[in-house]
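Peer 1: Please find one structure pasted underneath; my questions will follow.
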Amino acid sequence: LTPLPTLLVQPTLGGVNDPVPEASEANETIESAPKLAVEGYADRNEEAVAWALSRFALAGLDLQASLEVRFHRSTEACGGWNHDGLHTPLSDRHRVDVCVIDQAGQERVLLHEVAHVWADRELREDERRGFLELRGLDSWNEGEWRDRGTAHAAEALRWGLGEESRVPGRLPNHGVASLTEAFEYLTGTEPLCELDAPSTRPVRVRHGGPTA
């Protein structure tokens, strides 16, 4: 297989407590983010990255991290046949490998893997312990994938930041109410996927998650 080129972006998005930008403002933020290198990517790959980062911006989630996003035509770079994405923290940046070729799949994988980046940088140890308790888990990053706090956090963020309200089925305790509670714990805000219709739920008191 011919190695695919790499897209490097360094987004500077708003902080958690900053006003949530409109969609057009989020797009402008992504477009103005400094790109370290772009080599030979199809437009849809760049669009998938920009869309994923714009969802974090719309939720007001801080993502001031250097990202290296690599797209592949096979799952080998992501750890095997049943893996479609991989997040690797490096000394000076975070690398995200995407091993699916359809755009919807790329967007889904990007949200999940970039959610790992955000959680790694933003969640304190006590916040991780609180999230484990909330989800009925024992470990943040050990054991089976479905029993890891980091996987639950990334899936809750992927669901809440997406445009569809369909819940992920890869984890236990994945109903809408449970995922909403997990998303609000992590972010202090309501899921974006529920913003297409007016919320009928009472405003929740923030009980955990990052403070800034």
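Residues in the structure tokens are numbered from 1 in each chain, the chains being A, B, ... in the order shown, and ligands are numbered from 1 in the order shown.
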If we count only C-alpha atoms and set the cut-off at 6 Å, which residues sit around Cys193 (chain A), ignoring sequence neighbours fewer than 3 positions away in its own chain? Please answer as a list in words.
Peer 2: Gly160, Gly162, Glu163, Glu164 and Ser165 of chain A
Peer 1: Export all heavy atoms of the chosen residues as a PDB file, in the first residue's frame?
Peer 2:
ATOM      1  N   GLY A 160     -22.664  12.917  21.990  1.00  0.00           N
ATOM      2  CA  GLY A 160     -23.177  14.238  22.308  1.00  0.00           C
ATOM      3  C   GLY A 160     -22.751  15.316  21.346  1.00  0.00           C
ATOM      4  O   GLY A 160     -23.467  16.302  21.147  1.00  0.00           O
ATOM      5  N   GLY A 162     -22.127  14.724  18.087  1.00  0.00           N
ATOM      6  CA  GLY A 162     -22.582  14.395  16.744  1.00  0.00           C
ATOM      7  C   GLY A 162     -23.866  15.114  16.382  1.00  0.00           C
ATOM      8  O   GLY A 162     -24.466  15.830  17.186  1.00  0.00           O
ATOM      9  N   GLU A 163     -24.307  14.893  15.164  1.00  0.00           N
ATOM     10  CA  GLU A 163     -25.520  15.537  14.680  1.00  0.00           C
ATOM     11  C   GLU A 163     -26.733  14.628  14.766  1.00  0.00           C
ATOM     12  O   GLU A 163     -27.861  15.076  14.598  1.00  0.00           O
ATOM     13  CB  GLU A 163     -25.323  15.997  13.227  1.00  0.00           C
ATOM     14  CG  GLU A 163     -24.280  17.101  13.085  1.00  0.00           C
ATOM     15  CD  GLU A 163     -24.087  17.531  11.650  1.00  0.00           C
ATOM     16  OE1 GLU A 163     -24.402  16.724  10.750  1.00  0.00           O
ATOM     17  OE2 GLU A 163     -23.638  18.663  11.425  1.00  0.00           O
ATOM     18  N   GLU A 164     -26.530  13.335  15.014  1.00  0.00           N
ATOM     19  CA  GLU A 164     -27.621  12.388  15.110  1.00  0.00           C
ATOM     20  C   GLU A 164     -27.794  11.958  16.561  1.00  0.00           C
ATOM     21  O   GLU A 164     -26.824  11.811  17.298  1.00  0.00           O
ATOM     22  CB  GLU A 164     -27.363  11.159  14.238  1.00  0.00           C
ATOM     23  CG  GLU A 164     -27.255  11.472  12.749  1.00  0.00           C
ATOM     24  CD  GLU A 164     -27.032  10.219  11.926  1.00  0.00           C
ATOM     25  OE1 GLU A 164     -26.942   9.127  12.532  1.00  0.00           O
ATOM     26  OE2 GLU A 164     -26.952  10.333  10.700  1.00  0.00           O
ATOM     27  N   SER A 165     -29.023  11.734  16.975  1.00  0.00           N
ATOM     28  CA  SER A 165     -29.293  11.351  18.358  1.00  0.00           C
ATOM     29  C   SER A 165     -29.243   9.844  18.564  1.00  0.00           C
ATOM     30  O   SER A 165     -29.426   9.373  19.683  1.00  0.00           O
ATOM     31  CB  SER A 165     -30.657  11.885  18.795  1.00  0.00           C
ATOM     32  OG  SER A 165     -31.683  11.359  17.953  1.00  0.00           O
TER      33      SER A 165
END
Peer 1: Do you know which residues are at most 12 Å from Asp84 (chain A) counting only C-alpha atoms, after dropping those on the same chain fewer than 6 positions away, and could you put them as a PyMOL selection string?
Peer 2: chain A and resi 70-78+96-102+105-110+112-113
Peer 1: Write out the residues from the selection above, keeping N, CA and C atoms, as a PDB file, in the first residue's frame.
Peer 2:
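Contents of part_39.pdb, freshly written:
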ATOM      1  N   ARG A  70      -4.074  11.232  10.468  1.00  0.00           N
ATOM      2  CA  ARG A  70      -3.626  10.413   9.342  1.00  0.00           C
ATOM      3  C   ARG A  70      -4.755   9.493   8.906  1.00  0.00           C
ATOM      4  N   PHE A  71      -5.028   9.481   7.610  1.00  0.00           N
ATOM      5  CA  PHE A  71      -6.064   8.628   7.047  1.00  0.00           C
ATOM      6  C   PHE A  71      -5.414   7.431   6.352  1.00  0.00           C
ATOM      7  N   HIS A  72      -6.025   6.251   6.498  1.00  0.00           N
ATOM      8  CA  HIS A  72      -5.478   5.019   5.938  1.00  0.00           C
ATOM      9  C   HIS A  72      -6.563   4.258   5.191  1.00  0.00           C
ATOM     10  N   ARG A  73      -6.133   3.423   4.259  1.00  0.00           N
ATOM     11  CA  ARG A  73      -7.067   2.628   3.469  1.00  0.00           C
ATOM     12  C   ARG A  73      -7.271   1.227   4.056  1.00  0.00           C
ATOM     13  N   SER A  74      -6.534   0.871   5.095  1.00  0.00           N
ATOM     14  CA  SER A  74      -6.716  -0.407   5.767  1.00  0.00           C
ATOM     15  C   SER A  74      -6.680  -0.176   7.266  1.00  0.00           C
ATOM     16  N   THR A  75      -7.032  -1.214   8.042  1.00  0.00           N
ATOM     17  CA  THR A  75      -7.076  -1.077   9.499  1.00  0.00           C
ATOM     18  C   THR A  75      -5.754  -1.407  10.166  1.00  0.00           C
ATOM     19  N   GLU A  76      -4.736  -1.727   9.396  1.00  0.00           N
ATOM     20  CA  GLU A  76      -3.452  -2.129   9.987  1.00  0.00           C
ATOM     21  C   GLU A  76      -2.883  -1.038  10.896  1.00  0.00           C
ATOM     22  N   ALA A  77      -2.942   0.212  10.470  1.00  0.00           N
ATOM     23  CA  ALA A  77      -2.368   1.310  11.255  1.00  0.00           C
ATOM     24  C   ALA A  77      -3.159   1.593  12.524  1.00  0.00           C
ATOM     25  N   CYS A  78      -4.384   1.054  12.612  1.00  0.00           N
ATOM     26  CA  CYS A  78      -5.233   1.302  13.782  1.00  0.00           C
ATOM     27  C   CYS A  78      -5.280   0.119  14.737  1.00  0.00           C
ATOM     28  N   VAL A  96      -3.853  11.050  15.628  1.00  0.00           N
ATOM     29  CA  VAL A  96      -5.116  10.351  15.417  1.00  0.00           C
ATOM     30  C   VAL A  96      -5.041   9.637  14.076  1.00  0.00           C
ATOM     31  N   ASP A  97      -5.204   8.323  14.091  1.00  0.00           N
ATOM     32  CA  ASP A  97      -5.247   7.529  12.865  1.00  0.00           C
ATOM     33  C   ASP A  97      -6.684   7.149  12.573  1.00  0.00           C
ATOM     34  N   VAL A  98      -7.094   7.327  11.336  1.00  0.00           N
ATOM     35  CA  VAL A  98      -8.453   7.018  10.895  1.00  0.00           C
ATOM     36  C   VAL A  98      -8.366   5.940   9.832  1.00  0.00           C
ATOM     37  N   CYS A  99      -9.005   4.793  10.089  1.00  0.00           N
ATOM     38  CA  CYS A  99      -8.880   3.643   9.199  1.00  0.00           C
ATOM     39  C   CYS A  99     -10.201   3.229   8.573  1.00  0.00           C
ATOM     40  N   VAL A 100     -11.027   4.197   8.245  1.00  0.00           N
ATOM     41  CA  VAL A 100     -12.244   3.959   7.465  1.00  0.00           C
ATOM     42  C   VAL A 100     -12.229   4.946   6.307  1.00  0.00           C
ATOM     43  N   ILE A 101     -12.901   4.582   5.208  1.00  0.00           N
ATOM     44  CA  ILE A 101     -12.806   5.421   4.018  1.00  0.00           C
ATOM     45  C   ILE A 101     -14.080   6.195   3.718  1.00  0.00           C
ATOM     46  N   ASP A 102     -15.235   5.792   4.283  1.00  0.00           N
ATOM     47  CA  ASP A 102     -16.457   6.548   4.016  1.00  0.00           C
ATOM     48  C   ASP A 102     -16.506   7.764   4.935  1.00  0.00           C
ATOM     49  N   GLY A 105     -18.184   7.464   8.396  1.00  0.00           N
ATOM     50  CA  GLY A 105     -17.338   6.717   9.312  1.00  0.00           C
ATOM     51  C   GLY A 105     -16.150   7.538   9.783  1.00  0.00           C
ATOM     52  N   GLN A 106     -15.559   8.315   8.893  1.00  0.00           N
ATOM     53  CA  GLN A 106     -14.439   9.173   9.270  1.00  0.00           C
ATOM     54  C   GLN A 106     -14.859  10.201  10.313  1.00  0.00           C
ATOM     55  N   GLU A 107     -16.013  10.801  10.117  1.00  0.00           N
ATOM     56  CA  GLU A 107     -16.496  11.806  11.073  1.00  0.00           C
ATOM     57  C   GLU A 107     -16.739  11.174  12.440  1.00  0.00           C
ATOM     58  N   ARG A 108     -17.329   9.986  12.443  1.00  0.00           N
ATOM     59  CA  ARG A 108     -17.593   9.294  13.708  1.00  0.00           C
ATOM     60  C   ARG A 108     -16.279   8.967  14.426  1.00  0.00           C
ATOM     61  N   VAL A 109     -15.318   8.430  13.684  1.00  0.00           N
ATOM     62  CA  VAL A 109     -14.026   8.061  14.279  1.00  0.00           C
ATOM     63  C   VAL A 109     -13.293   9.301  14.776  1.00  0.00           C
ATOM     64  N   LEU A 110     -13.333  10.375  13.997  1.00  0.00           N
ATOM     65  CA  LEU A 110     -12.644  11.599  14.397  1.00  0.00           C
ATOM     66  C   LEU A 110     -13.217  12.145  15.701  1.00  0.00           C
ATOM     67  N   HIS A 112     -14.663  10.488  18.103  1.00  0.00           N
ATOM     68  CA  HIS A 112     -14.275   9.589  19.192  1.00  0.00           C
ATOM     69  C   HIS A 112     -12.801   9.764  19.560  1.00  0.00           C
ATOM     70  N   GLU A 113     -11.938   9.770  18.564  1.00  0.00           N
ATOM     71  CA  GLU A 113     -10.500   9.831  18.851  1.00  0.00           C
ATOM     72  C   GLU A 113     -10.073  11.211  19.355  1.00  0.00           C
TER      73      GLU A 113
END
Peer 1: Using only C-alpha atoms, which residues sit within 12 Å of region 115-117 of chain A once same-chain residues fewer than 4 positions away are excluded, as a PyMOL selection string?
Peer 2: chain A and resi 52-53+55-56+61-69+85-90+93-96+108-111+121-123+140-141+149-162+183+186-187
Peer 1: With C-alpha atoms retained, export the selected residues as a compact mmCIF listing (two decimals), in the first residue's frame.
Peer 2:
# COMPACT_ATOMS: atom_id res chain seq x y z
CA ALA A 52 -15.21 17.31 13.84
CA LEU A 53 -13.23 20.21 15.29
CA ARG A 55 -18.37 20.35 16.86
CA PHE A 56 -15.96 20.77 19.79
CA LEU A 61 -14.73 22.66 24.53
CA ASP A 62 -11.10 23.76 24.64
CA LEU A 63 -8.90 21.86 22.18
CA GLN A 64 -5.61 23.72 22.24
CA ALA A 65 -3.51 20.75 21.21
CA SER A 66 -1.32 19.97 18.24
CA LEU A 67 -3.00 17.24 16.22
CA GLU A 68 -1.59 14.94 13.58
CA VAL A 69 -4.44 13.30 11.67
CA GLY A 85 -9.41 4.51 14.75
CA LEU A 86 -6.51 5.05 17.13
CA HIS A 87 -5.35 7.87 19.40
CA THR A 88 -1.67 8.06 20.33
CA PRO A 89 -0.36 10.78 22.68
CA LEU A 90 3.17 11.83 21.71
CA ARG A 93 1.38 16.38 19.80
CA HIS A 94 -1.49 13.92 19.66
CA ARG A 95 -1.76 11.57 16.70
CA VAL A 96 -5.12 10.35 15.42
CA ARG A 108 -17.59 9.29 13.71
CA VAL A 109 -14.03 8.06 14.28
CA LEU A 110 -12.64 11.60 14.40
CA LEU A 111 -15.12 12.65 17.09
CA ARG A 121 -5.75 17.10 28.48
CA GLU A 122 -8.75 18.40 30.40
CA LEU A 123 -9.91 15.82 32.96
CA TRP A 140 -9.89 4.41 33.48
CA ASN A 141 -7.70 2.64 30.93
CA GLY A 149 -13.61 4.83 31.60
CA THR A 150 -11.70 6.40 28.72
CA ALA A 151 -13.81 4.45 26.20
CA HIS A 152 -17.07 5.48 27.89
CA ALA A 153 -15.95 9.12 27.96
CA ALA A 154 -14.98 9.12 24.28
CA GLU A 155 -18.23 7.44 23.22
CA ALA A 156 -20.36 9.79 25.33
CA LEU A 157 -18.57 12.78 23.79
CA ARG A 158 -18.83 11.34 20.27
CA TRP A 159 -22.57 10.85 20.71
CA GLY A 160 -23.18 14.24 22.31
CA LEU A 161 -21.09 16.15 19.76
CA GLY A 162 -22.58 14.39 16.74
CA PHE A 183 -21.95 14.05 28.54
CA LEU A 186 -17.83 15.76 31.30
CA THR A 187 -18.72 19.06 29.64
Peer 1: Report the residues of region 122-168 of chain A whose backbone DSSP state falls under helix (DSSP H, G or I), written as a list in words.
Peer 2: Glu122, Glu125, Asp126, Glu127, Arg128, Arg129, Gly130, Phe131, Leu132, Glu133, Leu134, Arg135, Trp145, Arg146, Asp147, Gly149, Thr150, Ala151, His152, Ala153, Ala154, Glu155, Ala156, Leu157, Arg158, Trp159, Gly160 and Leu161 of chain A
Peer 1: From the DSSP assignment of the backbone, select every residue of region 95-212 of chain A that is strand (DSSP E), and format the answer as number ranges by chain.
Peer 2: A: 95-98
Peer 1: Which residues of region 81-140 of chain A come within 12 Å of region 176-180 of chain A, and for each one, what is the closest pair of atoms and their distance in Å to one decimal, counting only C-alpha atoms, sorted by chain and residue number, as CSV?
Peer 2:
residue,atom,partner,partner_atom,distance
A:Phe131,CA,A:Leu179,CA,11.8
A:Leu134,CA,A:Ser178,CA,9.3
A:Arg135,CA,A:Ser178,CA,8.5
A:Gly136,CA,A:Ser178,CA,11.4
Peer 1: Counting only C-alpha atoms, which residue out of A:Ser54, A:Gly79, A:Glu127, A:Asn173 sits closest to Val114 (chain A)?
Peer 2: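 Among the listed residues, the smallest separation from Val114 (chain A) belongs to A:Ser54.
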Peer 1: Could you state the separation of CA of Gly60 (chain A) and CA of Ser139 (chain A) in Å, given to one decimal place?
Peer 2: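 About the pair CA of Gly60 (chain A) and CA of Ser139 (chain A): they are 27.6 Å apart.
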Peer 1: CA of His83 (chain A) to CA of Pro191 (chain A): how many Å, to one decimal?
Peer 2: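 Taking CA of His83 (chain A) and CA of Pro191 (chain A), their separation equals 25.8 Å.
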